Amino acid sequence: MLKIEHLTKTYAGGKKAVDDVTLEVKAGELYGFIGHNGAGKTTTLRAVSGILSFDSGSITVNGYNVVQQPVAAKKAMAFLPDNPDLYEFLSGIKYLNFIADIYGIEAQKRQTLIAKYADAFELTSALGSPISSYSHGMKQKLALISAFIREPRLLILDEPFVGLDPKAAFSMKNFLRELCESGGAVFFSTHVLEVAEKLCDKIAIIKDGKLIEAGDTAEIVGNSSLENVFLELEAEPAAGLYVQEGEQK
């Protein structure tokens, strides 16, 4: 579903935000992306979404190269940044219909999908109000609804749990798993390690732009916890730590 091969991105001043990162997210997988602030998570996600150019390497989404086939790749995915920009002069329902129009979702289907997700996120009663009147959490819910109604093959999320109340977070977890069970895939960054440990099939840990660990969550965590593993890896030098899937540690 998602293949990142030797991705490298260097910013002005020579800092490598992402340094030769290679990983794969397969259909049906819920893949967590872990790292400290400035580790390269957001840069990687923005490169995958086609928002950010990169120096070298390749990224394909559902078989489409994000550079050579950008429209086809973007049709197959939905990306939500950590602080999504919404058209606040629109009402919630007008915004969702705008997104549905862009992605060619027919009227009956969009009504069913909007009702499903708006009810689950307890936003139905607010859809007629302008987005400018929404709280941060409500805006986050609206952005999630706009992503889910597209029924993407790949859903990319940057810190999706920020601003969500416990019930909304629970609903989102169920919808993420539902998407994966239908043959899609999810790739998301988070600082909430307990959630990642319980929710994700696979996890990748990035440090200073380099991938230092990637594989099945159960194998990475072992008899410890993701928090302990993360802190131990963070304390080690980045070079030479990455273990390819299937190799012995």
# chains A, B, ... in the order shown; residues from 1 in each chain; ligands from 1

call {"tool": "closest_atom_pairs", "arguments": {"of": "range 10-104 of chain A", "to": "range 169-189 of chain A", "cutoff": "6 Å", "atoms": "only C-alpha atoms", "output": "Markdown table"}}
result
| residue | atom | partner | partner_atom | distance |
| --- | --- | --- | --- | --- |
| A:Ala27 | CA | A:Ala185 | CA | 5.1 |
| A:Gly28 | CA | A:Cys180 | CA | 4.2 |
| A:Glu29 | CA | A:Ala185 | CA | 5.1 |
| A:Leu30 | CA | A:Val186 | CA | 4.8 |
| A:Tyr31 | CA | A:Phe187 | CA | 4.8 |
| A:Gly32 | CA | A:Phe188 | CA | 5.2 |
| A:Phe33 | CA | A:Ser189 | CA | 4.4 |
| A:Ile34 | CA | A:Ser189 | CA | 5.9 |

call {"tool": "write_last_selection", "arguments": {"atoms": "all heavy atoms", "output": "PDB file, in the first residue's frame"}}
result
ATOM      1  N   ALA A  27      -1.279  -3.513   2.923  1.00  0.00           N
ATOM      2  CA  ALA A  27      -2.730  -3.469   3.073  1.00  0.00           C
ATOM      3  C   ALA A  27      -3.137  -4.244   4.319  1.00  0.00           C
ATOM      4  O   ALA A  27      -2.615  -5.322   4.593  1.00  0.00           O
ATOM      5  CB  ALA A  27      -3.398  -4.063   1.841  1.00  0.00           C
ATOM      6  N   GLY A  28      -4.043  -3.650   5.083  1.00  0.00           N
ATOM      7  CA  GLY A  28      -4.515  -4.285   6.305  1.00  0.00           C
ATOM      8  C   GLY A  28      -3.730  -3.930   7.545  1.00  0.00           C
ATOM      9  O   GLY A  28      -4.116  -4.313   8.647  1.00  0.00           O
ATOM     10  N   GLU A  29      -2.643  -3.171   7.392  1.00  0.00           N
ATOM     11  CA  GLU A  29      -1.784  -2.857   8.532  1.00  0.00           C
ATOM     12  C   GLU A  29      -2.075  -1.485   9.125  1.00  0.00           C
ATOM     13  O   GLU A  29      -2.311  -0.514   8.408  1.00  0.00           O
ATOM     14  CB  GLU A  29      -0.305  -2.903   8.127  1.00  0.00           C
ATOM     15  CG  GLU A  29       0.200  -4.308   7.865  1.00  0.00           C
ATOM     16  CD  GLU A  29       1.664  -4.357   7.521  1.00  0.00           C
ATOM     17  OE1 GLU A  29       2.241  -3.320   7.144  1.00  0.00           O
ATOM     18  OE2 GLU A  29       2.250  -5.457   7.616  1.00  0.00           O
ATOM     19  N   LEU A  30      -2.027  -1.433  10.435  1.00  0.00           N
ATOM     20  CA  LEU A  30      -2.101  -0.193  11.180  1.00  0.00           C
ATOM     21  C   LEU A  30      -0.697   0.060  11.717  1.00  0.00           C
ATOM     22  O   LEU A  30      -0.228  -0.650  12.595  1.00  0.00           O
ATOM     23  CB  LEU A  30      -3.113  -0.327  12.325  1.00  0.00           C
ATOM     24  CG  LEU A  30      -3.993   0.885  12.617  1.00  0.00           C
ATOM     25  CD1 LEU A  30      -5.147   0.497  13.524  1.00  0.00           C
ATOM     26  CD2 LEU A  30      -3.191   2.000  13.236  1.00  0.00           C
ATOM     27  N   TYR A  31      -0.022   1.045  11.129  1.00  0.00           N
ATOM     28  CA  TYR A  31       1.422   1.232  11.322  1.00  0.00           C
ATOM     29  C   TYR A  31       1.682   2.530  12.090  1.00  0.00           C
ATOM     30  O   TYR A  31       1.305   3.608  11.647  1.00  0.00           O
ATOM     31  CB  TYR A  31       2.104   1.295   9.957  1.00  0.00           C
ATOM     32  CG  TYR A  31       3.527   0.818   9.911  1.00  0.00           C
ATOM     33  CD1 TYR A  31       3.917  -0.185   9.035  1.00  0.00           C
ATOM     34  CD2 TYR A  31       4.506   1.381  10.722  1.00  0.00           C
ATOM     35  CE1 TYR A  31       5.233  -0.633   8.964  1.00  0.00           C
ATOM     36  CE2 TYR A  31       5.825   0.951  10.666  1.00  0.00           C
ATOM     37  CZ  TYR A  31       6.177  -0.058   9.778  1.00  0.00           C
ATOM     38  OH  TYR A  31       7.486  -0.476   9.725  1.00  0.00           O
ATOM     39  N   GLY A  32       2.320   2.432  13.243  1.00  0.00           N
ATOM     40  CA  GLY A  32       2.654   3.598  14.049  1.00  0.00           C
ATOM     41  C   GLY A  32       4.054   4.101  13.767  1.00  0.00           C
ATOM     42  O   GLY A  32       4.977   3.316  13.533  1.00  0.00           O
ATOM     43  N   PHE A  33       4.214   5.416  13.807  1.00  0.00           N
ATOM     44  CA  PHE A  33       5.488   6.077  13.512  1.00  0.00           C
ATOM     45  C   PHE A  33       5.868   6.908  14.732  1.00  0.00           C
ATOM     46  O   PHE A  33       5.177   7.870  15.072  1.00  0.00           O
ATOM     47  CB  PHE A  33       5.308   6.954  12.272  1.00  0.00           C
ATOM     48  CG  PHE A  33       6.577   7.352  11.571  1.00  0.00           C
ATOM     49  CD1 PHE A  33       7.669   6.515  11.521  1.00  0.00           C
ATOM     50  CD2 PHE A  33       6.655   8.576  10.921  1.00  0.00           C
ATOM     51  CE1 PHE A  33       8.823   6.878  10.848  1.00  0.00           C
ATOM     52  CE2 PHE A  33       7.793   8.955  10.244  1.00  0.00           C
ATOM     53  CZ  PHE A  33       8.886   8.099  10.206  1.00  0.00           C
ATOM     54  N   ILE A  34       6.933   6.504  15.404  1.00  0.00           N
ATOM     55  CA  ILE A  34       7.279   7.053  16.709  1.00  0.00           C
ATOM     56  C   ILE A  34       8.608   7.798  16.642  1.00  0.00           C
ATOM     57  O   ILE A  34       9.541   7.369  15.963  1.00  0.00           O
ATOM     58  CB  ILE A  34       7.406   5.923  17.765  1.00  0.00           C
ATOM     59  CG1 ILE A  34       6.216   4.964  17.691  1.00  0.00           C
ATOM     60  CG2 ILE A  34       7.540   6.511  19.165  1.00  0.00           C
ATOM     61  CD1 ILE A  34       4.890   5.588  17.950  1.00  0.00           C
TER      62      ILE A  34
END

call {"tool": "select_by_dssp", "arguments": {"residues": "range 125-247 of chain A", "states": "strand (DSSP E or B)", "output": "JSON, numbers by chain"}}
result
{"A": [130, 154, 155, 156, 157, 158, 185, 186, 187, 188, 189, 202, 203, 204, 205, 206, 207, 210, 211, 212, 213, 214, 215, 216]}

call {"tool": "write_last_selection", "arguments": {"atoms": "N, CA, C and O atoms", "output": "compact mmCIF listing (two decimals), in the first residue's frame"}}
result
# COMPACT_ATOMS: atom_id res chain seq x y z
N PRO A 130 -21.07 27.56 11.66
CA PRO A 130 -19.80 27.87 11.00
C PRO A 130 -18.62 27.23 11.73
O PRO A 130 -18.62 27.14 12.96
N LEU A 154 -5.21 4.49 1.77
CA LEU A 154 -4.18 4.78 2.77
C LEU A 154 -4.58 6.04 3.52
O LEU A 154 -4.82 7.08 2.91
N LEU A 155 -4.63 5.95 4.84
CA LEU A 155 -4.92 7.10 5.68
C LEU A 155 -3.66 7.47 6.44
O LEU A 155 -3.08 6.64 7.15
N ILE A 156 -3.23 8.73 6.29
CA ILE A 156 -2.01 9.22 6.93
C ILE A 156 -2.41 10.28 7.95
O ILE A 156 -3.07 11.26 7.61
N LEU A 157 -1.99 10.09 9.19
CA LEU A 157 -2.40 10.98 10.27
C LEU A 157 -1.16 11.42 11.07
O LEU A 157 -0.33 10.59 11.44
N ASP A 158 -1.09 12.71 11.34
CA ASP A 158 0.00 13.27 12.15
C ASP A 158 -0.58 13.65 13.52
O ASP A 158 -1.34 14.61 13.62
N ALA A 185 -5.06 0.76 4.70
CA ALA A 185 -3.92 0.80 5.61
C ALA A 185 -3.86 2.17 6.28
O ALA A 185 -4.34 3.16 5.72
N VAL A 186 -3.25 2.21 7.46
CA VAL A 186 -3.12 3.45 8.22
C VAL A 186 -1.66 3.63 8.62
O VAL A 186 -1.02 2.69 9.10
N PHE A 187 -1.14 4.83 8.41
CA PHE A 187 0.22 5.18 8.81
C PHE A 187 0.12 6.47 9.60
O PHE A 187 -0.29 7.50 9.06
N PHE A 188 0.43 6.43 10.90
CA PHE A 188 0.25 7.62 11.71
C PHE A 188 1.35 7.81 12.73
O PHE A 188 1.94 6.85 13.23
N SER A 189 1.63 9.07 13.02
CA SER A 189 2.61 9.41 14.06
C SER A 189 1.86 9.70 15.35
O SER A 189 0.72 10.16 15.34
N LYS A 202 2.27 -2.80 13.46
CA LYS A 202 3.71 -2.58 13.29
C LYS A 202 4.07 -1.17 13.76
O LYS A 202 3.22 -0.28 13.81
N ILE A 203 5.34 -1.01 14.07
CA ILE A 203 5.83 0.28 14.57
C ILE A 203 7.21 0.56 13.96
O ILE A 203 8.03 -0.36 13.79
N ALA A 204 7.45 1.82 13.63
CA ALA A 204 8.77 2.27 13.22
C ALA A 204 9.19 3.40 14.16
O ALA A 204 8.37 4.24 14.52
N ILE A 205 10.44 3.39 14.57
CA ILE A 205 10.97 4.43 15.44
C ILE A 205 12.06 5.18 14.69
O ILE A 205 12.99 4.58 14.15
N ILE A 206 11.92 6.50 14.63
CA ILE A 206 12.87 7.34 13.92
C ILE A 206 13.58 8.27 14.90
O ILE A 206 12.97 8.76 15.86
N LYS A 207 14.86 8.47 14.68
CA LYS A 207 15.67 9.34 15.54
C LYS A 207 16.63 10.13 14.69
O LYS A 207 17.39 9.55 13.89
N LYS A 210 16.91 9.21 11.07
CA LYS A 210 17.24 7.83 10.70
C LYS A 210 16.26 6.85 11.34
O LYS A 210 15.89 7.01 12.50
N LEU A 211 15.89 5.84 10.58
CA LEU A 211 15.04 4.79 11.12
C LEU A 211 15.92 3.87 11.97
O LEU A 211 16.89 3.29 11.47
N ILE A 212 15.58 3.74 13.25
CA ILE A 212 16.42 2.93 14.13
C ILE A 212 15.76 1.61 14.53
O ILE A 212 16.43 0.73 15.09
N GLU A 213 14.49 1.45 14.22
CA GLU A 213 13.81 0.19 14.50
C GLU A 213 12.50 0.16 13.72
O GLU A 213 11.84 1.17 13.55
N ALA A 214 12.15 -1.01 13.20
CA ALA A 214 10.88 -1.17 12.49
C ALA A 214 10.51 -2.64 12.46
O ALA A 214 11.36 -3.51 12.27
N GLY A 215 9.23 -2.93 12.66
CA GLY A 215 8.78 -4.31 12.60
C GLY A 215 7.50 -4.51 13.36
O GLY A 215 6.80 -3.56 13.73
N ASP A 216 7.16 -5.79 13.59
CA ASP A 216 5.94 -6.12 14.33
C ASP A 216 6.01 -5.55 15.74
O ASP A 216 7.04 -5.66 16.42

call {"tool": "residues_around", "arguments": {"residues": "range 10-25 of chain A", "least_positions_apart": "5", "cutoff": "6 Å", "atoms": "only C-alpha atoms", "output": "VMD selection string"}}
result
chain A and resid 1 to 5 40 209 to 211

call {"tool": "residues_around", "arguments": {"residues": "Thr44 in chain A", "least_positions_apart": "2", "cutoff": "9 Å", "atoms": "only C-alpha atoms", "output": "PyMOL selection string"}}
result
chain A and resi 7-9+17-18+21+40-42+46-49+52

call {"tool": "write_last_selection", "arguments": {"atoms": "all heavy atoms", "output": "JSON list (two decimals), in the first residue's frame"}}
result
[["chain", "number", "residue", "atom", "x", "y", "z"],
["A", 7, "LEU", "N", 14.32, 7.34, 1.32],
["A", 7, "LEU", "CA", 13.86, 8.73, 1.35],
["A", 7, "LEU", "C", 14.85, 9.61, 2.10],
["A", 7, "LEU", "O", 15.23, 9.32, 3.23],
["A", 7, "LEU", "CB", 12.49, 8.81, 2.03],
["A", 7, "LEU", "CG", 11.90, 10.21, 2.21],
["A", 7, "LEU", "CD1", 11.57, 10.83, 0.86],
["A", 7, "LEU", "CD2", 10.65, 10.15, 3.09],
["A", 8, "THR", "N", 15.23, 10.70, 1.46],
["A", 8, "THR", "CA", 16.14, 11.68, 2.08],
["A", 8, "THR", "C", 15.63, 13.08, 1.81],
["A", 8, "THR", "O", 15.26, 13.41, 0.68],
["A", 8, "THR", "CB", 17.57, 11.53, 1.53],
["A", 8, "THR", "OG1", 18.07, 10.23, 1.84],
["A", 8, "THR", "CG2", 18.50, 12.57, 2.14],
["A", 9, "LYS", "N", 15.58, 13.88, 2.86],
["A", 9, "LYS", "CA", 15.17, 15.28, 2.74],
["A", 9, "LYS", "C", 16.10, 16.14, 3.57],
["A", 9, "LYS", "O", 16.26, 15.93, 4.78],
["A", 9, "LYS", "CB", 13.72, 15.46, 3.23],
["A", 9, "LYS", "CG", 13.27, 16.91, 3.35],
["A", 9, "LYS", "CD", 13.23, 17.63, 2.00],
["A", 9, "LYS", "CE", 12.74, 19.07, 2.16],
["A", 9, "LYS", "NZ", 12.71, 19.78, 0.85],
["A", 17, "ALA", "N", 16.64, 16.17, 7.62],
["A", 17, "ALA", "CA", 15.46, 15.89, 8.44],
["A", 17, "ALA", "C", 15.07, 14.43, 8.33],
["A", 17, "ALA", "O", 14.56, 13.83, 9.28],
["A", 17, "ALA", "CB", 14.30, 16.78, 8.01],
["A", 18, "VAL", "N", 15.28, 13.86, 7.14],
["A", 18, "VAL", "CA", 15.04, 12.43, 6.90],
["A", 18, "VAL", "C", 16.25, 11.89, 6.15],
["A", 18, "VAL", "O", 16.65, 12.46, 5.14],
["A", 18, "VAL", "CB", 13.75, 12.20, 6.09],
["A", 18, "VAL", "CG1", 13.54, 10.71, 5.83],
["A", 18, "VAL", "CG2", 12.55, 12.80, 6.79],
["A", 21, "VAL", "N", 15.52, 6.78, 4.67],
["A", 21, "VAL", "CA", 14.47, 5.99, 5.33],
["A", 21, "VAL", "C", 13.79, 5.06, 4.33],
["A", 21, "VAL", "O", 13.37, 5.49, 3.25],
["A", 21, "VAL", "CB", 13.42, 6.91, 5.99],
["A", 21, "VAL", "CG1", 12.16, 6.14, 6.36],
["A", 21, "VAL", "CG2", 14.02, 7.58, 7.22],
["A", 40, "GLY", "N", 11.84, 13.73, 12.52],
["A", 40, "GLY", "CA", 11.63, 13.54, 11.09],
["A", 40, "GLY", "C", 10.29, 12.94, 10.74],
["A", 40, "GLY", "O", 10.01, 12.64, 9.57],
["A", 41, "LYS", "N", 9.41, 12.78, 11.73],
["A", 41, "LYS", "CA", 8.10, 12.17, 11.49],
["A", 41, "LYS", "C", 7.25, 13.00, 10.53],
["A", 41, "LYS", "O", 6.76, 12.49, 9.52],
["A", 41, "LYS", "CB", 7.34, 11.99, 12.81],
["A", 41, "LYS", "CG", 8.04, 11.16, 13.86],
["A", 41, "LYS", "CD", 7.14, 10.86, 15.04],
["A", 41, "LYS", "CE", 6.57, 12.12, 15.71],
["A", 41, "LYS", "NZ", 7.62, 13.00, 16.27],
["A", 42, "THR", "N", 7.05, 14.27, 10.87],
["A", 42, "THR", "CA", 6.17, 15.12, 10.06],
["A", 42, "THR", "C", 6.74, 15.32, 8.66],
["A", 42, "THR", "O", 5.99, 15.32, 7.68],
["A", 42, "THR", "CB", 5.95, 16.47, 10.75],
["A", 42, "THR", "OG1", 5.25, 16.26, 11.99],
["A", 42, "THR", "CG2", 5.13, 17.41, 9.88],
["A", 46, "ARG", "N", 4.64, 14.34, 5.36],
["A", 46, "ARG", "CA", 4.34, 15.36, 4.34],
["A", 46, "ARG", "C", 4.93, 14.97, 2.98],
["A", 46, "ARG", "O", 4.35, 15.29, 1.94],
["A", 46, "ARG", "CB", 4.85, 16.72, 4.79],
["A", 46, "ARG", "CG", 4.02, 17.31, 5.92],
["A", 46, "ARG", "CD", 4.52, 18.69, 6.35],
["A", 46, "ARG", "NE", 3.65, 19.27, 7.37],
["A", 46, "ARG", "CZ", 2.58, 19.99, 7.11],
["A", 46, "ARG", "NH1", 2.24, 20.24, 5.85],
["A", 46, "ARG", "NH2", 1.83, 20.47, 8.09],
["A", 47, "ALA", "N", 6.05, 14.30, 2.99],
["A", 47, "ALA", "CA", 6.62, 13.81, 1.72],
["A", 47, "ALA", "C", 5.73, 12.73, 1.13],
["A", 47, "ALA", "O", 5.47, 12.71, -0.08],
["A", 47, "ALA", "CB", 8.03, 13.27, 1.96],
["A", 48, "VAL", "N", 5.23, 11.82, 1.97],
["A", 48, "VAL", "CA", 4.34, 10.77, 1.51],
["A", 48, "VAL", "C", 3.07, 11.36, 0.91],
["A", 48, "VAL", "O", 2.57, 10.90, -0.13],
["A", 48, "VAL", "CB", 3.97, 9.81, 2.67],
["A", 48, "VAL", "CG1", 2.84, 8.88, 2.26],
["A", 48, "VAL", "CG2", 5.19, 9.00, 3.10],
["A", 49, "SER", "N", 2.54, 12.41, 1.54],
["A", 49, "SER", "CA", 1.28, 13.01, 1.07],
["A", 49, "SER", "C", 1.44, 13.82, -0.21],
["A", 49, "SER", "O", 0.45, 14.23, -0.82],
["A", 49, "SER", "CB", 0.70, 13.90, 2.17],
["A", 49, "SER", "OG", 1.50, 15.06, 2.35],
["A", 52, "LEU", "N", 5.35, 17.88, 0.37],
["A", 52, "LEU", "CA", 6.74, 18.29, 0.52],
["A", 52, "LEU", "C", 7.63, 17.55, -0.48],
["A", 52, "LEU", "O", 7.55, 16.32, -0.59],
["A", 52, "LEU", "CB", 7.20, 18.00, 1.96],
["A", 52, "LEU", "CG", 8.57, 18.54, 2.39],
["A", 52, "LEU", "CD1", 8.54, 20.07, 2.45],
["A", 52, "LEU", "CD2", 8.93, 17.98, 3.76]]

call {"tool": "select_by_dssp", "arguments": {"residues": "range 119-224 of chain A", "states": "alpha helix (DSSP H)", "output": "PyMOL selection string"}}
result
chain A and resi 119-120+136-148+166-181+193-199+217-221

call {"tool": "residues_around", "arguments": {"residues": "Ala72 in chain A", "least_positions_apart": "6", "cutoff": "10 Å", "atoms": "only C-alpha atoms", "output": "list in words"}}
result
Val61, Asn62, Gly63, Tyr64, Asn65 and Val66 of chain A

call {"tool": "closest_residue", "arguments": {"among": "A:Arg153, A:Ala196, A:Arg110, A:Ser56", "to": "Thr217 in chain A", "atoms": "only C-alpha atoms"}}
result
A:Ala196

call {"tool": "residues_around", "arguments": {"residues": "Ile93 in chain A", "least_positions_apart": "2", "cutoff": "7 Å", "atoms": "only C-alpha atoms", "output": "PDB file with C-alpha atoms, in the first residue's frame"}}
result
ATOM      1  CA  SER A  91     -20.476  25.467   8.014  1.00  0.00           C
ATOM      2  CA  TYR A  95     -17.219  21.797   4.208  1.00  0.00           C
ATOM      3  CA  LEU A  96     -17.944  18.056   4.127  1.00  0.00           C
ATOM      4  CA  ASN A  97     -19.991  18.443   0.949  1.00  0.00           C
ATOM      5  CA  LEU A 127     -22.774  20.653  11.311  1.00  0.00           C
ATOM      6  CA  GLY A 128     -25.021  23.617  10.511  1.00  0.00           C
TER       7      GLY A 128
END

call {"tool": "residues_around", "arguments": {"residues": "Ser135 in chain A", "least_positions_apart": "3", "cutoff": "12 Å", "atoms": "only C-alpha atoms", "output": "number ranges by chain"}}
result
A: 88, 123, 126, 129-132, 138-142, 163-165

call {"tool": "atom_distance", "arguments": {"atom1": "CA of Thr190 in chain A", "atom2": "CA of Phe79 in chain A"}}
result
14.4 Å

call {"tool": "atom_distance", "arguments": {"atom1": "CA of Val71 in chain A", "atom2": "CA of Phe98 in chain A"}}
result
17.9 Å

call {"tool": "closest_residue", "arguments": {"among": "A:His36, A:Ser224, A:Gly104, A:Asn83", "to": "Glu159 in chain A", "atoms": "only C-alpha atoms"}}
result
A:Asn83
